[in-house]
file work.pdb (PDB, C-alpha atoms)
ATOM      1  CA  VAL A  22       7.522 -11.974 -14.087
ATOM      2  CA  ILE A  23       7.703 -13.322 -10.537
ATOM      3  CA  GLY A  24       9.273 -16.717 -11.261
ATOM      4  CA  LEU A  25       9.343 -19.642 -13.643
ATOM      5  CA  VAL A  26       8.409 -23.319 -13.924
ATOM      6  CA  GLY A  27      10.766 -25.918 -15.382
ATOM      7  CA  LEU A  28       9.719 -29.389 -16.610
ATOM      8  CA  PHE A  29      12.429 -31.977 -17.280
ATOM      9  CA  ASP A  30      12.559 -35.491 -18.704
ATOM     10  CA  ASP A  31      15.386 -38.048 -19.054
ATOM     11  CA  HIS A  32      14.996 -38.441 -22.820
ATOM     12  CA  PRO A  33      14.376 -36.156 -25.842
ATOM     13  CA  ARG A  34      10.698 -35.454 -26.491
ATOM     14  CA  GLU A  35       8.109 -32.813 -27.397
ATOM     15  CA  PHE A  36       5.883 -31.678 -24.541
ATOM     16  CA  PRO A  37       2.200 -31.891 -25.431
ATOM     17  CA  GLY A  38      -0.374 -29.451 -24.062
ATOM     18  CA  VAL A  39       1.978 -26.470 -23.783
ATOM     19  CA  ALA A  40      -0.966 -24.055 -23.823
ATOM     20  CA  LEU A  41      -2.505 -25.905 -20.871
ATOM     21  CA  LEU A  42       0.790 -25.750 -18.992
ATOM     22  CA  GLN A  43       1.051 -22.027 -19.688
ATOM     23  CA  GLY A  44      -2.481 -21.523 -18.373
ATOM     24  CA  LEU A  45      -1.692 -23.446 -15.189
ATOM     25  CA  ALA A  46       1.465 -21.401 -14.759
ATOM     26  CA  GLN A  47      -0.564 -18.185 -15.015
ATOM     27  CA  ILE A  48      -2.988 -19.446 -12.360
ATOM     28  CA  ALA A  49      -0.077 -20.370 -10.082
ATOM     29  CA  ALA A  50       1.511 -16.965 -10.654
ATOM     30  CA  GLN A  51      -1.717 -15.166  -9.733
ATOM     31  CA  ALA A  52      -2.077 -17.293  -6.608
ATOM     32  CA  MET A  53       1.495 -16.468  -5.586
ATOM     33  CA  ALA A  54       0.939 -12.757  -6.228
ATOM     34  CA  ASN A  55      -2.249 -12.817  -4.144
ATOM     35  CA  ALA A  56      -0.455 -14.625  -1.319
ATOM     36  CA  ARG A  57       2.358 -12.070  -1.396
ATOM     37  CA  LEU A  58      -0.153  -9.191  -1.326
ATOM     38  CA  PHE A  59      -1.990 -10.796   1.596
ATOM     39  CA  GLN A  60       1.293 -11.175   3.471
ATOM     40  CA  GLN A  61       2.137  -7.512   2.856
ATOM     41  CA  LEU A  62      -1.300  -6.428   4.030
ATOM     42  CA  ASP A  63      -0.984  -8.621   7.109
ATOM     43  CA  GLU A  64       2.446  -7.154   7.927
ATOM     44  CA  SER A  65       1.121  -3.638   7.358
ATOM     45  CA  SER A  66      -1.812  -4.345   9.666
ATOM     46  CA  SER A  67       0.560  -5.682  12.326
ATOM     47  CA  ARG A  68       2.744  -2.572  12.094
ATOM     48  CA  LEU A  69      -0.322  -0.342  12.359
ATOM     49  CA  ALA A  70      -1.460  -2.225  15.462
ATOM     50  CA  VAL A  71       1.973  -1.763  17.081
ATOM     51  CA  VAL A  72       1.980   1.962  16.325
ATOM     52  CA  ASN A  73      -1.595   2.430  17.562
ATOM     53  CA  GLU A  74      -0.838   0.559  20.776
ATOM     54  CA  ALA A  75       2.278   2.654  21.344
ATOM     55  CA  SER A  76       0.387   5.886  20.674
ATOM     56  CA  LEU A  77      -2.341   4.974  23.159
ATOM     57  CA  GLN A  78       0.188   4.049  25.816
ATOM     58  CA  LEU A  79       2.236   7.198  25.291
ATOM     59  CA  SER A  80      -0.822   9.446  25.426
ATOM     60  CA  SER A  81      -2.023   7.860  28.676
ATOM     61  CA  THR A  82       0.525   9.729  30.832
ATOM     62  CA  LEU A  83       2.089  13.160  31.060
ATOM     63  CA  GLU A  84       5.005  11.934  33.194
ATOM     64  CA  LEU A  85       7.994  12.592  30.935
ATOM     65  CA  HIS A  86      10.281   9.884  32.306
ATOM     66  CA  ASP A  87       7.537   7.261  32.027
ATOM     67  CA  ILE A  88       7.018   8.255  28.383
ATOM     68  CA  LEU A  89      10.731   8.030  27.634
ATOM     69  CA  LEU A  90      11.242   4.630  29.259
ATOM     70  CA  SER A  91       8.114   3.208  27.641
ATOM     71  CA  THR A  92       9.358   4.386  24.249
ATOM     72  CA  ALA A  93      12.850   2.953  24.772
ATOM     73  CA  GLU A  94      11.564  -0.454  25.866
ATOM     74  CA  ARG A  95       9.077  -0.663  22.997
ATOM     75  CA  LEU A  96      11.671   0.322  20.385
ATOM     76  CA  CYS A  97      14.078  -2.334  21.661
ATOM     77  CA  GLY A  98      11.381  -4.906  20.965
ATOM     78  CA  ILE A  99      10.482  -3.572  17.521
ATOM     79  CA  GLY A 100      14.101  -3.284  16.414
ATOM     80  CA  ALA A 101      15.172  -6.542  18.116
ATOM     81  CA  VAL A 102      18.124  -4.724  19.703
ATOM     82  CA  PRO A 103      19.496  -4.876  23.247
ATOM     83  CA  THR A 104      19.967  -1.131  23.725
ATOM     84  CA  CYS A 105      17.980   2.049  23.143
ATOM     85  CA  ASP A 106      19.104   5.515  24.223
ATOM     86  CA  ILE A 107      16.948   8.631  23.992
ATOM     87  CA  TYR A 108      18.506  12.083  23.938
ATOM     88  CA  LEU A 109      16.994  15.544  24.092
ATOM     89  CA  LEU A 110      18.680  18.437  22.333
ATOM     90  CA  THR A 111      19.876  21.187  24.666
ATOM     91  CA  GLY A 112      21.603  23.855  22.592
ATOM     92  CA  THR A 113      24.560  22.132  20.935
ATOM     93  CA  ASP A 114      24.566  19.200  23.367
ATOM     94  CA  LEU A 115      22.624  15.979  23.707
ATOM     95  CA  LEU A 116      21.269  15.057  27.116
ATOM     96  CA  CYS A 117      20.536  11.367  27.681
ATOM     97  CA  VAL A 118      17.106  11.193  29.290
ATOM     98  CA  ALA A 119      16.431   7.454  28.962
ATOM     99  CA  SER A 120      18.670   4.433  28.475
ATOM    100  CA  VAL A 121      17.606   0.791  28.400
ATOM    101  CA  LYS A 122      19.817  -2.257  27.851
ATOM    102  CA  ASP A 123      18.561  -5.848  27.979
ATOM    103  CA  GLY A 124      15.422  -4.645  29.718
ATOM    104  CA  GLU A 125      17.317  -2.809  32.462
ATOM    105  CA  ILE A 126      17.489   0.962  32.985
ATOM    106  CA  LEU A 127      21.043   2.278  32.691
ATOM    107  CA  GLU A 128      20.871   4.945  35.370
ATOM    108  CA  ASP A 129      24.600   5.714  35.051
ATOM    109  CA  TRP A 130      24.136   6.730  31.407
ATOM    110  CA  GLU A 131      20.974   8.732  31.998
ATOM    111  CA  GLY A 132      21.766  12.368  32.679
ATOM    112  CA  THR A 133      25.038  12.331  30.750
ATOM    113  CA  LEU A 134      25.713  15.275  28.429
ATOM    114  CA  HIS A 135      27.391  14.852  25.033
ATOM    115  CA  PRO A 136      28.556  17.630  22.678
ATOM    116  CA  LEU A 137      26.911  17.141  19.316
ATOM    117  CA  ASP A 138      30.194  17.911  17.541
ATOM    118  CA  ASN A 139      31.720  14.731  18.989
ATOM    119  CA  TRP A 140      29.320  12.477  17.057
ATOM    120  CA  ALA A 141      29.522  13.216  13.336
ATOM    121  CA  THR A 142      26.848  10.762  12.174
ATOM    122  CA  VAL A 143      24.455  11.848  14.927
ATOM    123  CA  LYS A 144      25.056  15.479  14.009
ATOM    124  CA  LEU A 145      24.293  14.625  10.381
ATOM    125  CA  ALA A 146      21.001  12.995  11.394
ATOM    126  CA  VAL A 147      20.070  16.102  13.381
ATOM    127  CA  SER A 148      21.043  18.564  10.640
ATOM    128  CA  SER A 149      19.224  16.577   7.939
ATOM    129  CA  SER A 150      16.225  15.619  10.116
ATOM    130  CA  ALA A 151      16.549  12.162   8.575
ATOM    131  CA  THR A 152      17.059   8.658   9.908
ATOM    132  CA  ARG A 153      20.600   7.320   9.586
ATOM    133  CA  GLN A 154      21.461   3.628   9.485
ATOM    134  CA  LEU A 155      24.986   2.335  10.065
ATOM    135  CA  SER A 156      25.309  -1.403   9.702
ATOM    136  CA  SER A 157      28.839  -1.970  11.034
ATOM    137  CA  LEU A 158      31.941  -0.295  12.426
ATOM    138  CA  ASP A 159      33.343  -0.284   8.878
ATOM    139  CA  ASP A 160      30.583   2.023   7.636
ATOM    140  CA  PRO A 161      32.276   4.926   5.791
ATOM    141  CA  GLN A 162      29.963   7.430   7.501
ATOM    142  CA  ARG A 163      31.657   6.781  10.839
ATOM    143  CA  LYS A 164      34.559   8.798  12.194
ATOM    144  CA  HIS A 165      37.469   7.313  14.159
ATOM    145  CA  ALA A 166      36.280   8.737  17.482
ATOM    146  CA  GLU A 167      32.820   7.238  17.028
ATOM    147  CA  ILE A 168      34.252   3.854  16.078
ATOM    148  CA  ALA A 169      36.431   3.842  19.189
ATOM    149  CA  GLU A 170      33.456   4.766  21.387
ATOM    150  CA  LEU A 171      31.209   2.063  19.923
ATOM    151  CA  ARG A 172      33.956  -0.537  20.119
ATOM    152  CA  ARG A 173      34.504   0.344  23.786
ATOM    153  CA  PHE A 174      30.873  -0.505  24.542
ATOM    154  CA  GLY A 175      30.772  -3.524  22.203
ATOM    155  CA  TYR A 176      28.384  -2.209  19.552
ATOM    156  CA  GLU A 177      28.426  -2.609  15.753
ATOM    157  CA  ALA A 178      25.122  -1.563  14.183
ATOM    158  CA  GLU A 179      23.298   1.677  14.885
ATOM    159  CA  LEU A 180      20.000   3.281  13.896
ATOM    160  CA  ILE A 181      19.580   7.000  14.605
ATOM    161  CA  VAL A 182      16.067   8.487  14.410
ATOM    162  CA  PRO A 183      15.471  12.228  14.986
ATOM    163  CA  LEU A 184      12.572  13.242  17.223
ATOM    164  CA  LEU A 185      10.522  15.958  15.522
ATOM    165  CA  ALA A 186       7.776  17.982  17.178
ATOM    166  CA  LYS A 187       5.960  20.857  15.465
ATOM    167  CA  GLY A 188       8.585  21.013  12.745
ATOM    168  CA  ARG A 189      11.610  21.215  15.030
ATOM    169  CA  ILE A 190      14.073  18.636  16.309
ATOM    170  CA  ILE A 191      13.771  18.071  20.044
ATOM    171  CA  GLY A 192      16.087  15.067  20.307
ATOM    172  CA  LEU A 193      16.848  11.676  18.855
ATOM    173  CA  VAL A 194      16.617   7.948  19.439
ATOM    174  CA  GLU A 195      19.634   5.685  19.073
ATOM    175  CA  LEU A 196      19.189   1.917  18.696
ATOM    176  CA  LEU A 197      22.333  -0.181  19.092
ATOM    177  CA  ASP A 198      23.155  -3.793  18.323
ATOM    178  CA  ALA A 199      26.250  -5.817  19.170
ATOM    179  CA  LYS A 200      26.296  -7.521  15.776
ATOM    180  CA  SER A 201      26.631  -6.155  12.255
ATOM    181  CA  ARG A 202      23.223  -5.908  10.575
ATOM    182  CA  ARG A 203      20.880  -3.795   8.499
ATOM    183  CA  PHE A 204      17.434  -2.908   9.740
ATOM    184  CA  GLU A 205      14.701  -3.915   7.305
ATOM    185  CA  ALA A 206      12.755  -1.104   5.681
ATOM    186  CA  ASP A 207       9.475  -2.165   7.334
ATOM    187  CA  THR A 208      11.150  -2.218  10.748
ATOM    188  CA  VAL A 209      12.609   1.252  10.202
ATOM    189  CA  ALA A 210       9.196   2.568   9.103
ATOM    190  CA  THR A 211       7.564   1.194  12.263
ATOM    191  CA  ILE A 212      10.292   2.652  14.485
ATOM    192  CA  GLU A 213       9.928   6.046  12.803
ATOM    193  CA  ALA A 214       6.150   5.960  13.339
ATOM    194  CA  VAL A 215       6.554   5.175  17.052
ATOM    195  CA  CYS A 216       9.153   7.957  17.316
ATOM    196  CA  ARG A 217       6.687  10.430  15.802
ATOM    197  CA  ALA A 218       4.129   9.466  18.445
ATOM    198  CA  ALA A 219       6.800   9.716  21.139
ATOM    199  CA  SER A 220       7.872  13.169  19.944
ATOM    200  CA  LEU A 221       4.320  14.466  20.319
ATOM    201  CA  ALA A 222       3.981  12.858  23.756
ATOM    202  CA  ILE A 223       7.320  14.329  24.904
ATOM    203  CA  ASP A 224       6.353  17.778  23.624
ATOM    204  CA  ASN A 225       2.985  17.566  25.405
ATOM    205  CA  ALA A 226       4.663  16.436  28.627
ATOM    206  CA  ASN A 227       7.134  19.316  28.439
ATOM    207  CA  LEU A 228       4.261  21.734  27.859
ATOM    208  CA  PHE A 229       2.344  20.265  30.802
ATOM    209  CA  GLU A 230       5.395  20.596  33.065
ATOM    210  CA  ALA A 231       5.883  24.205  31.935
ATOM    211  CA  VAL A 232       2.219  25.003  32.655
ATOM    212  CA  GLN A 233       2.455  23.329  36.068
ATOM    213  CA  LEU A 234       5.594  25.320  36.875
ATOM    214  CA  ARG A 235       3.955  28.608  35.874
ATOM    215  CA  ARG A 236       0.894  27.680  37.932
ATOM    216  CA  HIS A 237       3.065  26.933  40.967
ATOM    217  CA  GLU A 238       4.929  30.236  40.536
ATOM    218  CA  THR A 239       1.621  32.119  40.252
ATOM    219  CA  GLU A 240       0.257  30.450  43.391
ATOM    220  CA  LEU A 241       3.459  31.270  45.251
ATOM    221  CA  LEU A 242       3.324  34.941  44.185
ATOM    222  CA  ASN A 243      -0.342  35.148  45.171
ATOM    223  CA  ALA A 244       0.426  33.660  48.568
ATOM    224  CA  ILE A 245       3.242  36.162  49.113
ATOM    225  CA  ALA A 246       0.946  39.000  48.029
ATOM    226  CA  ARG A 247      -1.765  37.912  50.468
ATOM    227  CA  ARG A 248       0.686  37.673  53.358
ATOM    228  CA  THR A 249       2.153  41.060  52.473
ATOM    229  CA  ALA A 250      -1.295  42.666  52.357
ATOM    230  CA  SER A 251      -2.214  41.059  55.662
ATOM    231  CA  SER A 252       0.969  42.361  57.278
ATOM    232  CA  LEU A 253       0.246  45.894  56.077
ATOM    233  CA  GLN A 254      -3.251  45.801  57.482
ATOM    234  CA  LEU A 255      -1.894  44.807  60.888
ATOM    235  CA  GLY A 256       0.661  47.583  60.809
ATOM    236  CA  GLU A 257       3.574  45.138  60.865
TER     237      GLU A 257
END
call {"tool": "encode", "arguments": {"input": "work.pdb", "output": "structure tokens"}}
result
Amino acid sequence: VIGLVGLFDDHPREFPGVALLQGLAQIAAQAMANARLFQQLDESSSRLAVVNEASLQLSSTLELHDILLSTAERLCGIGAVPTCDIYLLTGTDLLCVASVKDGEILEDWEGTLHPLDNWATVKLAVSSSATRQLSSLDDPQRKHAEIAELRRFGYEAELIVPLLAKGRIIGLVELLDAKSRRFEADTVATIEAVCRAASLAIDNANLFEAVQLRRHETELLNAIARRTASSLQLGE
């Protein structure tokens, strides 16, 4: 059952052709169900297009900061929020590596280090490897210290999405809104999909940087070795 049809008259009477009316109602119901399915397919196609576009953009560069900022800006648009912060896990701390608010980069917040123990709900998201949604400051999951911190910056709603690469947590994304709200399930699913693509891109960028560093170190050692050998040959 997806709905009902009501026919009314201003005087008592028997309705003729009830079977016909029931048949028309069935046709209308099928049309409504088809329209709803088409809408769902259209929304699913739109989400897939967003994720594919994000994946292509993220895979087009190995510059870590470019990847992080691109992800933050895109997630702000998907979630319809003013602020997105991205943190990487460094031991038991979170290092903010990208912060965007109202389309502007918050350079003062980037580079800040935060002990994971100070943020109970964030710590829970990390330990469970699961997305956490907190719709308002009154959410029972929040601790007093977190409420005070969010109130200081003027935020109410929060979506926390862990960044997973090769089965391990490398960081998290935090979306913040100034008003109380719940993120729709489709929106959360799209954000999670973009975060999965971002996690892979971040991991690849880190690997690339590590390879480049090792290559530079090898070249430096080779150069020192050549100069040392040359000095020995000259009797210096």
call {"tool": "resolve_selection", "arguments": {"input": "work.pdb", "expression": "the PyMOL selection byres ((chain A and resi 97) around 12)", "output": "PyMOL selection string"}}
result
chain A and resi 90-96+98-107+120-125+180+194-198+208+211-212+215
call {"tool": "axis_aligned_box", "arguments": {"input": "work.pdb", "around": "segment 26-40 of chain A", "padding_each_side": "3 Å", "output": "lines of an AutoDock Vina configuration file"}}
result
center_x = 7.2
center_y = -30.9
center_z = -20.7
size_x = 22.4
size_y = 21.1
size_z = 19.5
call {"tool": "residues_around", "arguments": {"input": "work.pdb", "residues": "segment 187-193 of chain A", "least_positions_apart": "6", "cutoff": "6 Å", "atoms": "all atoms listed in the file", "output": "list in words"}}
result
Ile107, Tyr108, Leu109 and Leu110 of chain A
call {"tool": "residues_around", "arguments": {"input": "work.pdb", "residues": "segment 163-174 of chain A", "least_positions_apart": "2", "cutoff": "7 Å", "atoms": "only C-alpha atoms", "output": "list in words"}}
result
Trp140, Ala141, Thr142, Leu158, Asp160, Pro161, Tyr176 and Glu177 of chain A
call {"tool": "write_last_selection", "arguments": {"input": "work.pdb", "atoms": "C-alpha atoms", "output": "PDB file, in the frame of the given file"}}
result
ATOM      1  CA  TRP A 140      29.320  12.477  17.057  1.00  0.00           C
ATOM      2  CA  ALA A 141      29.522  13.216  13.336  1.00  0.00           C
ATOM      3  CA  THR A 142      26.848  10.762  12.174  1.00  0.00           C
ATOM      4  CA  LEU A 158      31.941  -0.295  12.426  1.00  0.00           C
ATOM      5  CA  ASP A 160      30.583   2.023   7.636  1.00  0.00           C
ATOM      6  CA  PRO A 161      32.276   4.926   5.791  1.00  0.00           C
ATOM      7  CA  TYR A 176      28.384  -2.209  19.552  1.00  0.00           C
ATOM      8  CA  GLU A 177      28.426  -2.609  15.753  1.00  0.00           C
TER       9      GLU A 177
END
call {"tool": "closest_residue", "arguments": {"input": "work.pdb", "among": "A:Arg153, A:Leu115, A:Ile88, A:Asp30", "to": "Asp224 of chain A", "atoms": "all atoms listed in the file"}}
result
A:Ile88
call {"tool": "resolve_selection", "arguments": {"input": "work.pdb", "expression": "the PyMOL selection byres ((chain A and resi 145) around 12)", "output": "PyMOL selection string"}}
result
chain A and resi 137-144+146-154+162-164+181-183+193
call {"tool": "atom_distance", "arguments": {"input": "work.pdb", "atom1": "atom CA of Ile223 of chain A", "atom2": "atom CA of Ile126 of chain A"}}
result
18.6 Å
call {"tool": "residues_around", "arguments": {"input": "work.pdb", "residues": "Thr133 of chain A", "least_positions_apart": "3", "cutoff": "7 Å", "atoms": "only C-alpha atoms", "output": "VMD selection string"}}
result
chain A and resid 116 to 117 130
call {"tool": "atom_distance", "arguments": {"input": "work.pdb", "atom1": "atom CA of Asp114 of chain A", "atom2": "atom CA of Glu131 of chain A"}}
result
14.0 Å
